[in-house]
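Okay, structure first, notes after.
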Amino acid sequence: MTVSLPAESVSGASPSRVSALRAEAEALYLGTRPRTRAAAAATTHLYDGVPMHWMSDWSTPVPLIVQEARGARLTDVDGHGYEDFCLGDTAALFGHSPPALVEALARQMPQGLATMLPTPDAGAVGDLLARRFGLPRWQIATTASDANRFALRAARAATGRPRILVFDGAYHGAVDETFVELSAAGTPGNKASLLGEPRDLTTLTRIIPFNDVAALEEALADRTVACVITEPALTNCAMVLPTPGFHAALREITRRTGTLLLIDETHTLSTAPGGYAALHGLEPDLLVVGKAIAGGVPTAVWGMSEETARRFRQAKQRAADGHSGIGTTLSGSPLQLAALRATLEQVATEAAYAHMNALADRLETGLTAVIDRAGLPWHIARCGARVEVVRAPQPCRTGAEARLAHFPALEAAIHLALLVRGVLISPFHDMMLCSPATTAAQVDRLVAATGEVIDRLAD
Ligand SMILES: Cc1ncc(COP(=O)(O)O)c(C=O)c1O
């Protein structure tokens, strides 16, 4: 059967079918979840009713309250089960509570959680990180936001340069100086969504379109930029993959101008055991990985090349003793080290990635068939186990193009309609992850539910 959506629903202009789908899903959600509603009502002293305000960004009328998350499945307090393809927005990329991690945590927990001193796991973790990601010197942080902040500070200290460069459409966590964007007219400015920031961040941050080699050449020419920070592919708008030759040019220009290159693999760790950079030989000076790197225990890592570490050490020796602005008290804790070791040694294995990628292939094939059958101008973008429906006929090359592929009302209706059919995808855009615990049957359920939802939109 060929179904075609009315043009207005594809453009996300809240047409009647999109609102009908959403209204129907909302009624079903509320009508079948009395405990969820009661638990949500008992959160008077939480701002916005949730422990972290992003949790109210889901499409549900009241938050889904999780009773249990295990492997690639969630169960809510009303007993409804969900195939989880959101996986904590990548924090649970390797599945919820992998048994090897749980065992390692159970071993460590009675022996100290936070000592501000290393345990015997520390050296092993350093070796594992160096082998996997190809950089020789590592530090541990507690979130990817922190790791990016510290790596940028290290880059500035090492080079003695004031500026950084980010690509339009990127997100690197709660790192002040990366909260910039290009307006529709191409003017740099603070992100319109940023709260509580009185400074003009573009004073020290340059921003250019991703995949734009000429703009990069110009932005680095005066040699005042300490560091370019980028994901290998932008994953925080609709997915924007690098165009052929872009990374080679980025590395050549950064080297030629003495600019450090920081690759943020927090999301693209989905690509391969060593992330996108190792798979594609990107040779960064600094590398950050957060979220899933310790299986969901709050942990991030940042690595340096030998030369960057040497220059950073020199800067540290020149500075006065005292607060460096790099590091936090809970970072490098025994708990994090145990979690990192277990995840790197036993969970995020080659075999796990082979499984994740094979299922992501299956998901891509299934979703492509659903999209083609409906004749929709959408396509699938991939970074290994990370699969995204992009609402544009062709790959997006820049953040600006990716913004045009966003249709919030349509997306929210689809997310909620999938959720009441027992499938969870990311609340922010149409992102899905396959974990080592995900099964082919779960993938097939997601594909079938997507087909059903698209058919409902076209009724
Ligand atoms: C690429 C990237 N880097 C860093 C972060 C920040 O991670 P966290 O929120 O865990 O600090 C994110 C969060 O989504 C991210 O997508």
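Every chain in the structure tokens takes a letter, A first, then B, and so on in the order presented; its residues are numbered from 1, and the ligands are numbered from 1 following the presented order.
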(request) Write out as a list of chain:residue names each polymer residue whose atoms come within 7 Å of range 108-110 of chain A, counting only C-alpha atoms; drop sequence neighbours fewer than 4 positions from it. (result) A:Ala104, A:Leu335, A:Ala338
Same residues, N, CA and C atoms, saved as a CSV table (one decimal), in the first residue's frame:
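Wrote part22.csv, looks like this:
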chain,number,residue,atom,x,y,z
A,104,ALA,N,30.7,-5.3,39.2
A,104,ALA,CA,31.9,-4.5,39.5
A,104,ALA,C,31.5,-3.4,40.6
A,335,LEU,N,34.4,4.6,42.5
A,335,LEU,CA,33.2,4.1,41.8
A,335,LEU,C,33.3,4.3,40.3
A,338,ALA,N,35.9,1.8,38.8
A,338,ALA,CA,35.4,0.4,38.7
A,338,ALA,C,34.4,0.3,37.6
(message) ligand 1: which residues are within 9 Å, counting only C-alpha atoms and all ligand atoms? Reply as a count of residues only.
(response) 34
(message) With distances taken over only C-alpha atoms, which residue among A:Val77, A:Val423, A:Ala358, A:Leu46 lies nearest Gly384 in chain A?
(response) A:Ala358
(message) To one decimal place in Å, what is the distance between CA of Leu194 in chain A and CA of Phe179 in chain A?
(response) 6.9 Å
(request) Compare A:Ala233, A:Glu401, A:Pro118, A:Ser16 by their minimum atom-to-atom distance to Leu337 in chain A, counting only C-alpha atoms, and give me the closest one. (result)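 The closest residue to Leu337 in chain A is A:Pro118.
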(message) Ranking A:Leu105, A:Leu261, A:Ala458, A:Leu135 by minimum distance to Leu165 in chain A and counting only C-alpha atoms, which one comes first?
(response) A:Leu261
(request) Find the residues around Leu424 in chain A up to 10 Å (only C-alpha atoms counted), leave out those fewer than 2 positions away in its own chain, and share them as a PyMOL selection string. (result) chain A and resi 73-74+81-87+415-422+426-427+431-432+446
(request) Pick out each residue of range 144-182 of chain A that DSSP on the backbone tags as helix (DSSP H, G or I); I need them as a PyMOL selection string. (result) chain A and resi 144-159+176-178
Requested write-out: N, CA and C atoms of the selected residues, as an mmCIF file, in the first residue's frame:
data_model
loop_
_atom_site.group_PDB
_atom_site.id
_atom_site.type_symbol
_atom_site.label_atom_id
_atom_site.label_comp_id
_atom_site.auth_asym_id
_atom_site.auth_seq_id
_atom_site.Cartn_x
_atom_site.Cartn_y
_atom_site.Cartn_z
ATOM 1 N N ALA A 144 30.259 14.775 30.547
ATOM 2 C CA ALA A 144 30.899 15.206 29.296
ATOM 3 C C ALA A 144 30.973 16.733 29.249
ATOM 4 N N SER A 145 29.979 17.405 29.849
ATOM 5 C CA SER A 145 30.046 18.879 29.917
ATOM 6 C C SER A 145 31.337 19.296 30.607
ATOM 7 N N ASP A 146 31.597 18.692 31.758
ATOM 8 C CA ASP A 146 32.826 19.017 32.498
ATOM 9 C C ASP A 146 34.064 18.672 31.677
ATOM 10 N N ALA A 147 34.067 17.492 31.082
ATOM 11 C CA ALA A 147 35.259 17.062 30.338
ATOM 12 C C ALA A 147 35.548 18.032 29.192
ATOM 13 N N ASN A 148 34.500 18.474 28.495
ATOM 14 C CA ASN A 148 34.719 19.447 27.407
ATOM 15 C C ASN A 148 35.249 20.760 27.966
ATOM 16 N N ARG A 149 34.678 21.184 29.084
ATOM 17 C CA ARG A 149 35.114 22.448 29.698
ATOM 18 C C ARG A 149 36.600 22.346 30.075
ATOM 19 N N PHE A 150 36.987 21.228 30.665
ATOM 20 C CA PHE A 150 38.383 21.068 31.100
ATOM 21 C C PHE A 150 39.318 20.956 29.894
ATOM 22 N N ALA A 151 38.885 20.218 28.889
ATOM 23 C CA ALA A 151 39.731 20.049 27.702
ATOM 24 C C ALA A 151 39.926 21.392 26.989
ATOM 25 N N LEU A 152 38.883 22.206 26.952
ATOM 26 C CA LEU A 152 39.022 23.531 26.319
ATOM 27 C C LEU A 152 39.972 24.410 27.129
ATOM 28 N N ARG A 153 39.848 24.330 28.433
ATOM 29 C CA ARG A 153 40.737 25.116 29.291
ATOM 30 C C ARG A 153 42.197 24.654 29.096
ATOM 31 N N ALA A 154 42.371 23.343 29.027
ATOM 32 C CA ALA A 154 43.719 22.803 28.802
ATOM 33 C C ALA A 154 44.262 23.280 27.454
ATOM 34 N N ALA A 155 43.385 23.316 26.448
ATOM 35 C CA ALA A 155 43.821 23.753 25.109
ATOM 36 C C ALA A 155 44.261 25.212 25.134
ATOM 37 N N ARG A 156 43.506 26.032 25.843
ATOM 38 C CA ARG A 156 43.882 27.449 25.931
ATOM 39 C C ARG A 156 45.193 27.609 26.694
ATOM 40 N N ALA A 157 45.311 26.834 27.784
ATOM 41 C CA ALA A 157 46.546 26.923 28.583
ATOM 42 C C ALA A 157 47.739 26.457 27.748
ATOM 43 N N ALA A 158 47.554 25.371 27.002
ATOM 44 C CA ALA A 158 48.669 24.790 26.242
ATOM 45 C C ALA A 158 49.110 25.706 25.102
ATOM 46 N N THR A 159 48.149 26.374 24.462
ATOM 47 C CA THR A 159 48.495 27.199 23.284
ATOM 48 C C THR A 159 48.720 28.657 23.636
ATOM 49 N N ASP A 176 29.694 27.002 28.706
ATOM 50 C CA ASP A 176 29.245 28.351 28.369
ATOM 51 C C ASP A 176 29.626 28.771 26.954
ATOM 52 N N GLU A 177 30.944 28.698 26.668
ATOM 53 C CA GLU A 177 31.408 29.332 25.429
ATOM 54 C C GLU A 177 30.996 28.596 24.159
ATOM 55 N N THR A 178 30.337 27.425 24.297
ATOM 56 C CA THR A 178 29.871 26.752 23.079
ATOM 57 C C THR A 178 28.406 27.084 22.756
#
(request) Return the single residue from A:Ala39, A:Pro232, A:Pro334, A:Ala385 that is closest to Gln67 in chain A, with distances computed using only C-alpha atoms. (result)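 The closest residue to Gln67 in chain A is A:Ala39.
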(request) Fewer than 2 positions away in the same chain doesn't count, so skip those; otherwise give me all residues within 10 Å of Ala72 in chain A, counting only C-alpha atoms, as JSON, numbers by chain. (result) {"A": [69, 70, 74, 82, 83, 84, 85, 86, 87, 92, 93, 94, 95, 96, 97, 98, 433, 434, 435, 436, 437, 438, 439, 442]}
Grab the residues selected above and save them as a short mmCIF file (atom, residue, chain, number, x, y, z; two decimals), in the first residue's frame with N, CA, C and O atoms.
data_model
loop_
_atom_site.label_atom_id
_atom_site.label_comp_id
_atom_site.auth_asym_id
_atom_site.auth_seq_id
_atom_site.Cartn_x
_atom_site.Cartn_y
_atom_site.Cartn_z
N ALA A 69 14.54 -0.30 34.76
CA ALA A 69 15.18 -0.26 33.44
C ALA A 69 16.22 -1.37 33.43
O ALA A 69 17.11 -1.39 34.26
N ARG A 70 16.09 -2.28 32.49
CA ARG A 70 16.98 -3.45 32.46
C ARG A 70 17.23 -3.81 30.99
O ARG A 70 16.27 -3.93 30.22
N LEU A 74 12.22 -0.88 29.47
CA LEU A 74 11.78 -0.14 30.66
C LEU A 74 10.41 -0.68 31.06
O LEU A 74 9.63 -1.10 30.21
N TYR A 82 8.23 -1.16 27.79
CA TYR A 82 8.65 -0.37 26.61
C TYR A 82 9.93 -0.94 26.04
O TYR A 82 10.87 -1.23 26.80
N GLU A 83 10.00 -1.05 24.71
CA GLU A 83 11.27 -1.34 24.06
C GLU A 83 12.02 -0.02 24.05
O GLU A 83 11.53 0.96 23.48
N ASP A 84 13.18 0.02 24.69
CA ASP A 84 13.85 1.30 24.88
C ASP A 84 14.92 1.53 23.82
O ASP A 84 15.99 0.92 23.87
N PHE A 85 14.63 2.43 22.89
CA PHE A 85 15.62 2.82 21.88
C PHE A 85 16.19 4.21 22.17
O PHE A 85 16.99 4.73 21.41
N CYS A 86 15.75 4.82 23.26
CA CYS A 86 16.32 6.11 23.69
C CYS A 86 17.57 5.85 24.53
O CYS A 86 18.57 6.54 24.40
N LEU A 87 17.46 4.84 25.38
CA LEU A 87 18.60 4.42 26.21
C LEU A 87 19.27 5.61 26.90
O LEU A 87 20.48 5.86 26.76
N ALA A 92 22.86 5.05 28.37
CA ALA A 92 22.72 3.60 28.49
C ALA A 92 22.90 2.93 27.13
O ALA A 92 22.23 1.94 26.82
N LEU A 93 23.81 3.47 26.33
CA LEU A 93 24.09 2.90 25.00
C LEU A 93 24.37 1.41 25.08
O LEU A 93 24.06 0.66 24.16
N PHE A 94 24.97 0.96 26.16
CA PHE A 94 25.31 -0.47 26.29
C PHE A 94 24.26 -1.24 27.09
O PHE A 94 24.53 -2.30 27.65
N GLY A 95 23.05 -0.68 27.16
CA GLY A 95 21.96 -1.33 27.87
C GLY A 95 21.91 -0.85 29.32
O GLY A 95 22.90 -0.36 29.86
N HIS A 96 20.74 -1.01 29.93
CA HIS A 96 20.58 -0.60 31.33
C HIS A 96 21.17 -1.65 32.25
O HIS A 96 20.88 -2.84 32.12
N SER A 97 21.99 -1.21 33.18
CA SER A 97 22.57 -2.08 34.21
C SER A 97 23.16 -3.37 33.65
O SER A 97 22.73 -4.47 34.04
N PRO A 98 24.15 -3.28 32.75
CA PRO A 98 24.76 -4.52 32.25
C PRO A 98 25.31 -5.33 33.42
O PRO A 98 25.92 -4.76 34.34
N LEU A 433 18.75 4.11 19.33
CA LEU A 433 20.02 3.42 19.57
C LEU A 433 19.78 1.93 19.74
O LEU A 433 18.78 1.54 20.36
N CYS A 434 20.70 1.14 19.21
CA CYS A 434 20.65 -0.31 19.43
C CYS A 434 21.78 -0.67 20.39
O CYS A 434 22.94 -0.34 20.14
N SER A 435 21.45 -1.36 21.46
CA SER A 435 22.43 -1.72 22.48
C SER A 435 22.80 -3.20 22.35
O SER A 435 22.15 -3.94 21.60
N PRO A 436 23.78 -3.65 23.10
CA PRO A 436 24.09 -5.08 23.09
C PRO A 436 22.92 -5.93 23.60
O PRO A 436 22.85 -7.12 23.31
N ALA A 437 22.03 -5.31 24.37
CA ALA A 437 20.89 -6.06 24.92
C ALA A 437 19.68 -6.02 24.00
O ALA A 437 18.70 -6.75 24.21
N THR A 438 19.71 -5.17 22.97
CA THR A 438 18.56 -5.04 22.06
C THR A 438 18.43 -6.33 21.24
O THR A 438 19.43 -6.95 20.88
N THR A 439 17.18 -6.68 20.94
CA THR A 439 16.96 -7.90 20.15
C THR A 439 16.34 -7.55 18.78
O THR A 439 15.76 -6.47 18.61
N GLN A 442 12.75 -6.69 19.07
CA GLN A 442 12.48 -5.30 19.49
C GLN A 442 12.59 -4.35 18.29
O GLN A 442 11.78 -3.43 18.14
#
Would you mind writing down, as a compact mmCIF listing (two decimals) with N, CA and C atoms, in the first residue's frame, each residue of range 112-190 of chain A that DSSP on the backbone assigns to strand (DSSP E or B)?
# COMPACT_ATOMS: atom_id res chain seq x y z
N ARG A 137 47.41 10.16 27.13
CA ARG A 137 47.28 10.75 28.49
C ARG A 137 45.82 11.07 28.80
N TRP A 138 45.33 10.58 29.94
CA TRP A 138 43.89 10.68 30.23
C TRP A 138 43.60 11.27 31.59
N GLN A 139 42.45 11.91 31.68
CA GLN A 139 41.90 12.40 32.94
C GLN A 139 40.42 12.00 33.00
N ILE A 140 39.92 11.90 34.20
CA ILE A 140 38.52 11.49 34.40
C ILE A 140 37.73 12.70 34.90
N ALA A 141 36.54 12.85 34.38
CA ALA A 141 35.61 13.90 34.85
C ALA A 141 34.28 13.22 35.18
N ARG A 163 40.89 32.08 21.86
CA ARG A 163 39.59 31.76 21.23
C ARG A 163 39.38 30.26 21.05
N ILE A 164 38.09 29.91 20.86
CA ILE A 164 37.77 28.55 20.40
C ILE A 164 36.86 28.67 19.18
N LEU A 165 36.71 27.58 18.46
CA LEU A 165 35.79 27.57 17.32
C LEU A 165 34.85 26.39 17.45
N VAL A 166 33.56 26.66 17.25
CA VAL A 166 32.56 25.59 17.23
C VAL A 166 31.76 25.67 15.94
N PHE A 167 31.11 24.57 15.60
CA PHE A 167 30.29 24.55 14.39
C PHE A 167 28.83 24.79 14.72
N VAL A 180 26.60 29.13 21.16
CA VAL A 180 26.50 30.14 20.10
C VAL A 180 25.83 29.51 18.89
N GLU A 181 25.30 30.35 18.04
CA GLU A 181 24.67 29.84 16.81
C GLU A 181 24.72 30.91 15.73
N LEU A 182 24.46 30.49 14.51
CA LEU A 182 24.34 31.45 13.41
C LEU A 182 22.86 31.72 13.19
N PRO A 188 26.64 35.49 13.75
CA PRO A 188 26.93 34.77 14.99
C PRO A 188 26.31 35.47 16.20
N GLY A 189 25.86 34.69 17.17
CA GLY A 189 25.31 35.27 18.41
C GLY A 189 25.15 34.18 19.44
N ASN A 190 24.79 34.56 20.68
CA ASN A 190 24.47 33.55 21.69
C ASN A 190 23.24 32.76 21.23
(request) In Å, rounded to a single decimal, give me how far CA of Arg445 in chain A is from CA of Ala369 in chain A. (result)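 Taking CA of Ala369 in chain A and CA of Arg445 in chain A, their separation equals 14.2 Å.
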(request) Give me the residues within 9 Å of Leu250 in chain A as a ChimeraX atom specification, counting only C-alpha atoms and dropping any in the same chain fewer than 5 places off. (result) /A:211,213,216-217,228,245,255,261
Could the residues in this selection be written to a file with N, CA, C and O atoms, as a PDB file, in the first residue's frame?
ATOM      1  N   ASN A 211      31.164  21.457   7.752  1.00  0.00           N
ATOM      2  CA  ASN A 211      31.463  21.066   6.362  1.00  0.00           C
ATOM      3  C   ASN A 211      31.867  22.245   5.485  1.00  0.00           C
ATOM      4  O   ASN A 211      31.865  22.116   4.263  1.00  0.00           O
ATOM      5  N   VAL A 213      34.832  24.276   4.483  1.00  0.00           N
ATOM      6  CA  VAL A 213      36.292  24.344   4.577  1.00  0.00           C
ATOM      7  C   VAL A 213      36.793  25.779   4.380  1.00  0.00           C
ATOM      8  O   VAL A 213      37.716  26.225   5.070  1.00  0.00           O
ATOM      9  N   LEU A 216      36.367  27.706   7.501  1.00  0.00           N
ATOM     10  CA  LEU A 216      37.317  27.230   8.510  1.00  0.00           C
ATOM     11  C   LEU A 216      38.688  27.856   8.265  1.00  0.00           C
ATOM     12  O   LEU A 216      39.346  28.353   9.190  1.00  0.00           O
ATOM     13  N   GLU A 217      39.110  27.827   7.029  1.00  0.00           N
ATOM     14  CA  GLU A 217      40.402  28.409   6.646  1.00  0.00           C
ATOM     15  C   GLU A 217      40.450  29.876   7.105  1.00  0.00           C
ATOM     16  O   GLU A 217      41.409  30.307   7.750  1.00  0.00           O
ATOM     17  N   VAL A 228      39.631  23.906  17.949  1.00  0.00           N
ATOM     18  CA  VAL A 228      38.338  23.628  17.315  1.00  0.00           C
ATOM     19  C   VAL A 228      37.725  22.468  18.089  1.00  0.00           C
ATOM     20  O   VAL A 228      38.374  21.439  18.282  1.00  0.00           O
ATOM     21  N   GLY A 245      36.124  14.322   2.634  1.00  0.00           N
ATOM     22  CA  GLY A 245      37.280  15.227   2.672  1.00  0.00           C
ATOM     23  C   GLY A 245      37.232  16.265   3.779  1.00  0.00           C
ATOM     24  O   GLY A 245      38.231  16.934   4.056  1.00  0.00           O
ATOM     25  N   ARG A 255      46.280  21.785  11.958  1.00  0.00           N
ATOM     26  CA  ARG A 255      47.735  21.571  12.152  1.00  0.00           C
ATOM     27  C   ARG A 255      48.526  22.755  11.599  1.00  0.00           C
ATOM     28  O   ARG A 255      49.438  23.269  12.242  1.00  0.00           O
ATOM     29  N   LEU A 261      42.811  20.286  17.922  1.00  0.00           N
ATOM     30  CA  LEU A 261      41.538  19.706  17.489  1.00  0.00           C
ATOM     31  C   LEU A 261      40.997  18.824  18.608  1.00  0.00           C
ATOM     32  O   LEU A 261      41.647  17.855  19.008  1.00  0.00           O
TER      33      LEU A 261
END
(request) Find the residues around Trp58 in chain A up to 8 Å (only C-alpha atoms counted), leave out those fewer than 2 positions away in its own chain, and share them as a list of chain:residue names. (result)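 Residues near the query, excluding close chain neighbours: A:Trp54, A:Met55, A:Ser56, A:Thr60, A:Pro63, A:Ala412, A:Pro427, A:Phe428.
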Find the residues near Gly258 in chain A: any atom within 8 Å, counting only C-alpha atoms, skip ones fewer than 4 places away on the same chain, and give them as a short mmCIF file (atom, residue, chain, number, x, y, z; two decimals) with N, CA, C and O atoms, in the first residue's frame.
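The resulting file, selection_28.cif, is reproduced below:
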data_model
loop_
_atom_site.label_atom_id
_atom_site.label_comp_id
_atom_site.auth_asym_id
_atom_site.auth_seq_id
_atom_site.Cartn_x
_atom_site.Cartn_y
_atom_site.Cartn_z
N ARG A 223 45.40 32.83 13.66
CA ARG A 223 46.10 32.02 14.68
C ARG A 223 45.83 32.49 16.12
O ARG A 223 46.71 32.45 16.97
N ALA A 226 42.60 28.74 19.92
CA ALA A 226 43.32 27.67 20.62
C ALA A 226 42.89 26.31 20.11
O ALA A 226 43.71 25.40 19.96
N THR A 254 43.89 22.79 10.88
CA THR A 254 44.19 23.00 12.31
C THR A 254 45.69 22.82 12.55
O THR A 254 46.31 23.62 13.23
#
(message) One number please: CA of Thr343 in chain A to CA of Gly295 in chain A, in Å, one decimal.
(response)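 Here the two named atoms are 5.9 Å from each other.
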(message) Please determine, counting only C-alpha atoms, which residue among A:Thr450, A:Ala339, A:Leu195, A:Leu201 has the shortest atom-to-atom distance to Ala100 in chain A.
(response)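 Selected residue with least distance to Ala100 in chain A: A:Ala339.
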